[in-house]
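Beneath this line is the structure, given in structure tokens, with notes to follow.
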Protein chains: 2
Amino acid sequence: MAEGKTGNGAAAGAMARAVIAGERRALAQAITLIESTRIDDRGKAEKLVEALLPQSGKSIRLGISGSPGVGKSTFIEAFGLHLLNHGHKLAVLAVDPSSPLSGGSILGDKTRMEELARDERAFIRPSPSGGTLGGVARRTREAMLACEAAGFDVVIIETVGVGQSEIAVADMVDMFMLLLSPGGGDDLQGIKRGIVEIADTIVVTKRDGEFFNAASQMAADYRGALAFLRPPTEGWTVPVLTCSAAKRTGMEQIWSTVQKHHVTVETSGALARKRAAQNEAWLWSEVREGLIERFRDHADVAATLDQTEAAVKSGALAPTAAARKLLDRFAKS
Amino acid sequence: MAEGKTGNGAAAGAMARAVIAGERRALAQAITLIESTRIDDRGKAEKLVEALLPQSGKSIRLGISGSPGVGKSTFIEAFGLHLLNHGHKLAVLAVDPSSPLSGGSILGDKTRMEELARDERAFIRPSPSGGTLGGVARRTREAMLACEAAGFDVVIIETVGVGQSEIAVADMVDMFMLLLSPGGGDDLQGIKRGIVEIADTIVVTKRDGEFFNAASQMAADYRGALAFLRPPTEGWTVPVLTCSAAKRTGMEQIWSTVQKHHVTVETSGALARKRAAQNEAWLWSEVREGLIERFRDHADVAATLDQTEAAVKSGALAPTAAARKLLDRFAKS
């Protein structure tokens, strides 16, 4: 046991050194270890993350979301190449709990982000497959730390515009960017409640060809609608930008907006506060998840849980009393 | 111990019968018991709620929120008297975790809701004092069940328009109503993010005197803004109504809207689903709170928690590893 732990520690240490030295293969292996759901990999992954932690935290963490069809991968390719041309190193990770076991959803995107994927200065990783949103989020956070330790100074975490994954991504990045496209069901009526509200920047894509005017109009509409909302960061007015990924226009303005946001929140101290709060929330989310997992797995609880839940839902059993009885079963052992 | 439990059971049973018989004094005592934070009252309160449960669930549960100054108590008095005049029995409870230990915040409101408070057909209860939002919410839910068992067929749960208490209230009622007033900082810019989105109905108050036109304009503005949001209930378009509590106008329309909503969600099955989901969420919220409480109280955890949290916040310790270590300490007891 002690030997195993030492072995873990040594192997994790070697892997961490290779990651920090910037070896792409080591980074890919490190993330595979982080993503492993095997119980016996967790200890090693923990040691790895511990070893990488001092070298992490130095990137701009950018969340990007948008409905399917918004042209997310095309945008990330164009935007990413712009960053590389300006001397940056970019990692792209994904959060998509709906991705099938056989592979992440941006595996397809990766082949579409051809130019970016081929470039040595970029690192693209599909979403870890399977698992709960909480699990995927944790592994993505840790993969982000690994990318930072490997020297990537911009990390994009992308997610599809469905469900709660945007909230999970917003909770792990410095800035959250929402992509919208004209003619794609993203009119003001169709937007997902709660997502526009957490965006630090909105970018209307496809401002080219037949959509040129529609994109401009859409941006104007959203500027109007945003007047009804309070921006998520004090002292930061949410801009609505436009771009064409196909024509590679608008990238300069988007990148300068990201940088401006970064300087703003870094100077005001909001960034440090945000990251400290994110870390603390992450700790408690891990604790809560761990507690609930142990609770559900507890034999005496599991034996009666389904029946108790059904009785509570039907109104036959009071939730408070039911919870207390289950907690008593949990405590007795 | 067994005797104590039997004693509890008998006393709770007698109290429950008196509540169900409609004795106001018994209802007030029952809620005091429910609100008690004394450990040895919890068992009795649980038995009481169990005994009341079969008689509960038959009211229209209406959440009302609005910023301080919106005229909430004036509105509830006017609206409540309208209900009484139409043959209903009304209970008014409050959720306000900010209320001081010395008494609830609508204690003052109660004296202002003079006419309503004097009426036998109404029951007004200030917010339970002190405690966390979770604790206040639980006690308010149970007080609501007691009011229902006592024969009140409309229960209003009011809360102030600050913080997370609206979400807690929306999670325990059938319908959530947001009050807004012209000239009170409730213009579209100033609204709290996330609150307008959960409203099933919006009522603009003070449509009288100098504010008459402003109230109408405000309602029109909100109708426009709501077009950007998806209504919280499928098949229900969120209406924006106006009223004057001082002149007692608009009450008929507001009440018929509440009734229409009730019929809509009852017929579609949405109400049954909502209440079942609320009960289930309540159970799990109790379980989670109980688990976290036991976790925090655990000697081995408590001994290292502050230090661990600080290290995680500063980025010196990885949240996942920190959580695992704390959970291991918790399990070893």
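So you can find residues: chains in the structure tokens are A, B, ... in the order shown, residues in each start at 1, and ligands are numbered from 1 in order.
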
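Those residues that approach B:Leu48 to within 10 Å, counting only C-alpha atoms, are Asn8, Gly9, Ala10, Ala11, Ala12, Gly13, Ala14, Met15, Ala16, Arg17, Val19, Ala30, Ile31, Leu33, Ile34, Arg42, Gly43, Lys44, Leu52, Leu53, Glu142 and Ala146 of chain B; same-chain residues fewer than 4 positions away are not listed.
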
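With only C-alpha atoms taken into account, chain B has Glu46, Leu188, Gln189, Phe228, Ala276, Asn279, Glu280, Leu283, Glu286, Val287, Lys313, Pro319, Ala321 and Ala323 of chain B at most 6 Å from chain A.
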
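In this comparison, which uses only C-alpha atoms, the residue of B:Glu293, B:Asp208, B:Glu23, B:Glu266 approaching B:Lys247 most closely is B:Asp208.
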
Sorted per-residue table, stretch 209-324 of chain A near stretch 68-74 of chain A, closest atoms and distance, 10 Å, only C-alpha atoms, as CSV:
```
residue,atom,partner,partner_atom,distance
A:Ser244,CA,A:Thr74,CA,9.4
A:Ala245,CA,A:Thr74,CA,6.0
A:Ala246,CA,A:Thr74,CA,7.3
A:Arg248,CA,A:Thr74,CA,9.7
```

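We find atom CA of B:Phe211 and atom CA of B:Ile124 to be spaced 29.2 Å apart.
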
Run DSSP on the backbone and grab whatever in stretch 43-281 of chain B lands in alpha helix (DSSP H); send it over as a PyMOL selection string.
-> chain B and resi 43-52+72-85+106-112+114-118+133-149+165-170+212-226+251-268+270-281

C-alpha atoms of the current selection, written as a short mmCIF file (atom, residue, chain, number, x, y, z; two decimals), in the first residue's frame:
```
data_model
loop_
_atom_site.label_atom_id
_atom_site.label_comp_id
_atom_site.auth_asym_id
_atom_site.auth_seq_id
_atom_site.Cartn_x
_atom_site.Cartn_y
_atom_site.Cartn_z
CA GLY B 43 -39.20 15.08 17.11
CA LYS B 44 -42.52 16.50 18.23
CA ALA B 45 -42.68 18.85 15.24
CA GLU B 46 -42.01 15.92 12.91
CA LYS B 47 -44.88 13.94 14.40
CA LEU B 48 -47.13 16.97 14.15
CA VAL B 49 -46.32 17.51 10.46
CA GLU B 50 -46.88 13.80 9.81
CA ALA B 51 -50.33 14.04 11.39
CA LEU B 52 -51.20 17.19 9.43
CA LYS B 72 -46.04 44.71 -0.72
CA SER B 73 -48.00 44.77 2.54
CA THR B 74 -50.48 47.32 1.18
CA PHE B 75 -50.98 45.08 -1.82
CA ILE B 76 -51.37 41.92 0.25
CA GLU B 77 -53.91 43.66 2.46
CA ALA B 78 -56.00 44.85 -0.50
CA PHE B 79 -55.65 41.55 -2.36
CA GLY B 80 -56.29 39.53 0.78
CA LEU B 81 -59.47 41.43 1.64
CA HIS B 82 -60.66 40.84 -1.93
CA LEU B 83 -60.15 37.10 -1.38
CA LEU B 84 -61.99 37.12 1.94
CA ASN B 85 -64.89 38.96 0.34
CA ILE B 106 -43.38 41.45 8.50
CA LEU B 107 -44.15 41.95 12.15
CA GLY B 108 -44.22 45.59 11.14
CA ASP B 109 -46.21 44.66 8.05
CA LYS B 110 -48.69 42.84 10.22
CA THR B 111 -49.54 46.00 12.08
CA ARG B 112 -49.80 47.73 8.72
CA GLU B 114 -54.49 46.04 10.06
CA GLU B 115 -57.78 45.19 8.46
CA LEU B 116 -56.54 41.82 7.23
CA ALA B 117 -54.91 40.95 10.54
CA ARG B 118 -58.14 41.66 12.43
CA LEU B 133 -32.29 30.39 4.18
CA GLY B 134 -32.53 26.59 4.01
CA GLY B 135 -33.73 26.41 7.59
CA VAL B 136 -36.21 29.26 7.17
CA ALA B 137 -37.50 27.68 3.95
CA ARG B 138 -38.05 24.32 5.63
CA ARG B 139 -39.94 25.85 8.52
CA THR B 140 -42.05 27.94 6.13
CA ARG B 141 -42.93 24.87 4.04
CA GLU B 142 -44.07 23.07 7.14
CA ALA B 143 -46.01 26.09 8.37
CA MET B 144 -47.72 26.16 4.96
CA LEU B 145 -48.80 22.54 5.41
CA ALA B 146 -50.19 23.43 8.84
CA CYS B 147 -52.19 26.36 7.42
CA GLU B 148 -53.60 24.09 4.74
CA ALA B 149 -54.59 21.49 7.32
CA SER B 165 -35.07 33.97 -1.07
CA GLU B 166 -37.27 34.37 -4.17
CA ILE B 167 -35.86 31.16 -5.62
CA ALA B 168 -36.56 29.39 -2.33
CA VAL B 169 -40.13 30.69 -2.36
CA ALA B 170 -40.69 29.83 -6.02
CA PHE B 212 -50.89 56.36 -13.01
CA ASN B 213 -49.23 56.85 -16.38
CA ALA B 214 -45.84 55.65 -15.22
CA ALA B 215 -47.36 52.37 -14.04
CA SER B 216 -49.06 51.81 -17.38
CA GLN B 217 -45.84 52.60 -19.21
CA MET B 218 -43.87 50.30 -16.95
CA ALA B 219 -46.28 47.44 -17.59
CA ALA B 220 -45.90 47.98 -21.33
CA ASP B 221 -42.10 48.02 -20.99
CA TYR B 222 -42.14 44.74 -19.11
CA ARG B 223 -44.50 43.16 -21.60
CA GLY B 224 -41.92 44.03 -24.24
CA ALA B 225 -39.04 42.73 -22.17
CA LEU B 226 -40.84 39.47 -21.37
CA MET B 251 -57.68 42.99 -7.64
CA GLU B 252 -60.43 41.18 -9.52
CA GLN B 253 -58.21 40.74 -12.57
CA ILE B 254 -55.24 39.58 -10.51
CA TRP B 255 -57.30 37.01 -8.65
CA SER B 256 -58.90 35.69 -11.83
CA THR B 257 -55.40 35.38 -13.31
CA VAL B 258 -54.27 33.34 -10.31
CA GLN B 259 -57.32 31.12 -10.67
CA LYS B 260 -56.80 30.74 -14.41
CA HIS B 261 -53.19 29.72 -13.82
CA HIS B 262 -54.34 27.20 -11.22
CA VAL B 263 -56.88 25.63 -13.56
CA THR B 264 -54.33 25.57 -16.39
CA VAL B 265 -51.64 23.75 -14.43
CA GLU B 266 -54.09 21.47 -12.65
CA THR B 267 -55.70 20.38 -15.91
CA SER B 268 -52.42 19.83 -17.72
CA ALA B 270 -48.19 20.40 -14.49
CA LEU B 271 -49.25 21.18 -10.92
CA ALA B 272 -49.03 17.56 -9.75
CA ARG B 273 -45.65 17.20 -11.43
CA LYS B 274 -44.42 20.46 -9.93
CA ARG B 275 -45.46 19.52 -6.41
CA ALA B 276 -43.98 16.03 -6.71
CA ALA B 277 -40.72 17.55 -7.96
CA GLN B 278 -40.80 20.13 -5.15
CA ASN B 279 -41.27 17.39 -2.56
CA GLU B 280 -38.45 15.34 -4.02
CA ALA B 281 -36.15 18.37 -4.19
#
```

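Computed from the coordinates, the atom CA of B:Val92 to atom CA of B:Ile195 distance equals 20.7 Å.
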
Going by DSSP on the backbone, which bits of stretch 119-323 of chain A are strand (DSSP E or B)? Write them as a PyMOL selection string, please.
-> chain A and resi 122-124+154-160+175-180+201-204+240-242+244+249

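The two atoms in question, atom CA of B:Lys89 and atom CA of B:Phe152, are spaced 4.8 Å apart.
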
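Nearest to B:Pro239 of all the residues B:Thr37, B:Glu158, B:Lys206, B:Leu178 is B:Leu178, counting only C-alpha atoms.
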